[in-house]
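Following: one structure in structure tokens, then a few remarks.
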Amino acid sequence: MKKMIESQCAMCDVPLQERRCTNPEGKGIKGCPTLLKKDMAEKARREYEKDDVREFARLTSVQEGECYANRDKSPYLMHPVKPRILEICEFAGKMKFNKLGLVFCGGLAKEAEAVSGIFTQKGFDVVSVMCKVGGIPKEEIGLKDHEKIFRGRFEAMCNPILQALIVNDAKTQLNVLLGLCVGHDTLFLRYGTAPATVLAVKDRVTGHNPLAAIYTAGSYYAWLGE
Ligand code: SF4
């Protein structure tokens, strides 16, 4: 049987502006999904024909454009001007979402308070739920004492399923994730029903900037590839 060539866009060595996906005259590498996945592209296109999906995608791209200033200049040099928190507020406004869920990690409680304040000042109703909600001991999901962060005492498990159930019940229209752990975010995304976006992800050693380790992967973080 012929082996399927899987998509490897991350390994594409065609200059960005000469890639088939960014340029109708462009080229792709072996296995290029723009060149090979025509049926799937058609399937995706049909999804965008659904009114709600189309409007969501349209407003997302309108928002994307509005994150850059001076677009009347030619040639244009990208001039981004909006931090993600503003991008979220403006997009939620465009979508006419009034009620936002803010699901956050206890390690970012101060940040959550600030974010909640900004959302409120912008006129949104906010439902916020911290990860430890429910106060259930980690032992309940099978952790041994030595697997906890603080051994020998009570430690509440992160409860992204309860976070999801609470914002689902509150009928939030857009959920914003702030600093959830790897995997806890996965569970929240699985159980939450409203659309969700991420304000920030947790990275304990880089000030929640995981790309810091990637930018220095050729030097200080070279050991990551060992
Ligand atoms: S879609 Fe094709 S051209 Fe675009 S990055 Fe992937 S392999 Fe390269």
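Residues are referred to by chain and number: the chain letter is A, B, ... according to the order shown in the structure tokens, the number counts from 1 in that chain, and ligands are numbered separately from 1 in the order shown.
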Give me the residues of chain A that have any atom at most 10 Å from an atom of ligand 1; for each, the nearest atom pair and the distance in Å, rounded to one decimal. Use only C-alpha atoms and all ligand atoms, sort by chain and number, and format it as a tab-separated table.
residue	atom	partner	partner_atom_place_in_ligand_line	distance
A:Ser7	CA	ligand 1	7 (S)	6.9
A:Gln8	CA	ligand 1	7 (S)	6.2
A:Cys9	CA	ligand 1	6 (Fe)	3.7
A:Ala10	CA	ligand 1	5 (S)	6.8
A:Met11	CA	ligand 1	7 (S)	7.6
A:Cys12	CA	ligand 1	8 (Fe)	4.6
A:Asp13	CA	ligand 1	8 (Fe)	7.2
A:Val14	CA	ligand 1	8 (Fe)	6.4
A:Pro15	CA	ligand 1	8 (Fe)	8.8
A:Leu16	CA	ligand 1	5 (S)	7.7
A:Gln17	CA	ligand 1	3 (S)	9.4
A:Glu18	CA	ligand 1	3 (S)	7.8
A:Arg19	CA	ligand 1	3 (S)	4.1
A:Arg20	CA	ligand 1	3 (S)	4.3
A:Cys21	CA	ligand 1	4 (Fe)	4.3
A:Thr22	CA	ligand 1	4 (Fe)	6.8
A:Asn23	CA	ligand 1	3 (S)	8.6
A:Gly26	CA	ligand 1	3 (S)	7.2
A:Lys27	CA	ligand 1	3 (S)	5.7
A:Gly28	CA	ligand 1	3 (S)	3.7
A:Ile29	CA	ligand 1	7 (S)	4.9
A:Lys30	CA	ligand 1	7 (S)	7.1
A:Gly31	CA	ligand 1	7 (S)	6.6
A:Cys32	CA	ligand 1	7 (S)	3.7
A:Pro33	CA	ligand 1	1 (S)	5.1
A:Thr34	CA	ligand 1	1 (S)	4.6
A:Leu35	CA	ligand 1	2 (Fe)	6.7
A:Leu36	CA	ligand 1	2 (Fe)	8.8
A:Lys37	CA	ligand 1	1 (S)	9.4
| message | Taking 2 positions as the minimum chain separation for residues in the same chain, which residues sit within 12 Å of Ile141 of chain A when counting only C-alpha atoms? Answer as a list in words. | response |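 Counting only the stated atoms, we get Ile136, Pro137, Lys138, Glu139, Leu143, Lys144, Asp145, Glu147, Lys148, Glu155, Ala156, Met157, Cys158 and Asn159 of chain A.
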Would you put the residues from that selection into a file with N, CA and C atoms, as a PDB file, in the first residue's frame?
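Saved file selection.pdb follows:
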ATOM      1  N   ILE A 136     -11.203  19.981  45.998  1.00  0.00           N
ATOM      2  CA  ILE A 136     -11.127  18.512  46.104  1.00  0.00           C
ATOM      3  C   ILE A 136      -9.669  18.075  46.228  1.00  0.00           C
ATOM      4  N   PRO A 137      -9.362  17.213  47.209  1.00  0.00           N
ATOM      5  CA  PRO A 137      -7.960  16.793  47.379  1.00  0.00           C
ATOM      6  C   PRO A 137      -7.461  15.985  46.186  1.00  0.00           C
ATOM      7  N   LYS A 138      -6.188  16.163  45.886  1.00  0.00           N
ATOM      8  CA  LYS A 138      -5.599  15.467  44.736  1.00  0.00           C
ATOM      9  C   LYS A 138      -5.674  13.948  44.869  1.00  0.00           C
ATOM     10  N   GLU A 139      -5.737  13.484  46.113  1.00  0.00           N
ATOM     11  CA  GLU A 139      -5.824  12.031  46.318  1.00  0.00           C
ATOM     12  C   GLU A 139      -7.048  11.452  45.607  1.00  0.00           C
ATOM     13  N   LEU A 143      -3.692  10.674  43.121  1.00  0.00           N
ATOM     14  CA  LEU A 143      -2.308  11.075  43.370  1.00  0.00           C
ATOM     15  C   LEU A 143      -1.802  10.543  44.711  1.00  0.00           C
ATOM     16  N   LYS A 144      -0.555  10.151  44.702  1.00  0.00           N
ATOM     17  CA  LYS A 144       0.105   9.749  45.948  1.00  0.00           C
ATOM     18  C   LYS A 144       0.701  11.014  46.571  1.00  0.00           C
ATOM     19  N   ASP A 145       0.966  10.953  47.852  1.00  0.00           N
ATOM     20  CA  ASP A 145       1.493  12.132  48.544  1.00  0.00           C
ATOM     21  C   ASP A 145       2.769  12.654  47.872  1.00  0.00           C
ATOM     22  N   GLU A 147       3.551  12.689  44.927  1.00  0.00           N
ATOM     23  CA  GLU A 147       3.303  13.286  43.600  1.00  0.00           C
ATOM     24  C   GLU A 147       2.723  14.696  43.710  1.00  0.00           C
ATOM     25  N   LYS A 148       2.465  15.148  44.912  1.00  0.00           N
ATOM     26  CA  LYS A 148       1.925  16.493  45.107  1.00  0.00           C
ATOM     27  C   LYS A 148       3.067  17.515  45.112  1.00  0.00           C
ATOM     28  N   GLU A 155      -3.755  19.270  49.475  1.00  0.00           N
ATOM     29  CA  GLU A 155      -3.510  20.040  48.247  1.00  0.00           C
ATOM     30  C   GLU A 155      -4.699  19.816  47.311  1.00  0.00           C
ATOM     31  N   ALA A 156      -5.352  20.900  46.982  1.00  0.00           N
ATOM     32  CA  ALA A 156      -6.535  20.788  46.110  1.00  0.00           C
ATOM     33  C   ALA A 156      -6.101  20.526  44.675  1.00  0.00           C
ATOM     34  N   MET A 157      -6.865  19.684  44.012  1.00  0.00           N
ATOM     35  CA  MET A 157      -6.588  19.429  42.586  1.00  0.00           C
ATOM     36  C   MET A 157      -7.117  20.591  41.752  1.00  0.00           C
ATOM     37  N   CYS A 158      -6.483  20.820  40.610  1.00  0.00           N
ATOM     38  CA  CYS A 158      -7.072  21.739  39.642  1.00  0.00           C
ATOM     39  C   CYS A 158      -8.291  21.029  39.061  1.00  0.00           C
ATOM     40  N   ASN A 159      -9.343  21.783  38.851  1.00  0.00           N
ATOM     41  CA  ASN A 159     -10.615  21.163  38.478  1.00  0.00           C
ATOM     42  C   ASN A 159     -11.201  21.833  37.227  1.00  0.00           C
TER      43      ASN A 159
END
| field | Å distance separating atom CA of Tyr215 of chain A from atom CA of Ala200 of chain A, one decimal place | value |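 Rounded to one decimal, the two atoms are 17.5 Å apart.
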| task | Would you list, as a count of residues only, the residues of segment 33-161 of chain A that end up in helix (DSSP H, G or I) under DSSP run on this structure's backbone? | result | 67
| field | Counting only C-alpha atoms, the residue of A:Lys122, A:Ala57, A:Gly93, A:Thr197 that sits nearest Arg45 of chain A | value | A:Ala57
| task | Can you work out which one of A:Lys110, A:Lys99, A:Lys3, A:His146 has the shortest atom-to-atom distance to Val126 of chain A, counting only C-alpha atoms? | result |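 Using only C-alpha atoms, Val126 of chain A sits closest to A:Lys99.
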| Hey, which of A:Pro75, A:Gly135, A:Gly225, A:Gly101 ends up closest to Val198 of chain A? Count only C-alpha atoms. |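 Closest to Val198 of chain A of all the choices is A:Gly101.
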| request: For each of A:Met95, A:Trp223, A:Ala170, A:Ile5, take the minimum atom-to-atom distance to Arg54 of chain A, counting only C-alpha atoms, then give the residue where this is smallest. | output: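 Residue with the minimum atom-to-atom distance to Arg54 of chain A: A:Met95.
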| How far is it from atom CA of Ala112 of chain A to atom CA of Lys82 of chain A, in Å with one decimal? |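 Value for the atom CA of Ala112 of chain A-atom CA of Lys82 of chain A distance: 19.4 Å.
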For segment 41-157 of chain A versus segment 185-193 of chain A, which residues have an atom no more than 12 Å away, and what is each residue's nearest atom pair and distance in Å rounded to one decimal, using only C-alpha atoms, chain-then-number order, as a tab-separated table?
residue	atom	partner	partner_atom	distance
A:Gly101	CA	A:Gly192	CA	10.1
A:Leu102	CA	A:Phe188	CA	11.7
A:Val103	CA	A:Phe188	CA	8.8
A:Phe104	CA	A:Asp185	CA	9.6
A:Cys105	CA	A:Asp185	CA	9.9
A:Val129	CA	A:Phe188	CA	11.6
A:Met130	CA	A:Phe188	CA	11.9
A:Cys131	CA	A:Asp185	CA	10.0
Given the selection you just returned, output its residues as a file containing C-alpha atoms, formatted as a PDB file, in the first residue's frame.
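Written output follows (selection_29.pdb):
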ATOM      1  CA  GLY A 101     -16.025  33.474  31.278  1.00  0.00           C
ATOM      2  CA  LEU A 102     -12.591  33.955  32.801  1.00  0.00           C
ATOM      3  CA  VAL A 103     -11.048  30.644  33.801  1.00  0.00           C
ATOM      4  CA  PHE A 104      -7.736  31.098  35.511  1.00  0.00           C
ATOM      5  CA  CYS A 105      -4.984  29.484  37.499  1.00  0.00           C
ATOM      6  CA  VAL A 129     -13.593  30.628  38.113  1.00  0.00           C
ATOM      7  CA  MET A 130     -10.255  29.672  39.638  1.00  0.00           C
ATOM      8  CA  CYS A 131      -8.652  26.306  38.961  1.00  0.00           C
TER       9      CYS A 131
END
| field | Separation of atom CA of Lys94 of chain A from atom CA of Gln63 of chain A, in Å and rounded to one decimal | value |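 Atom CA of Gln63 of chain A lies at a distance of 8.4 Å from atom CA of Lys94 of chain A.
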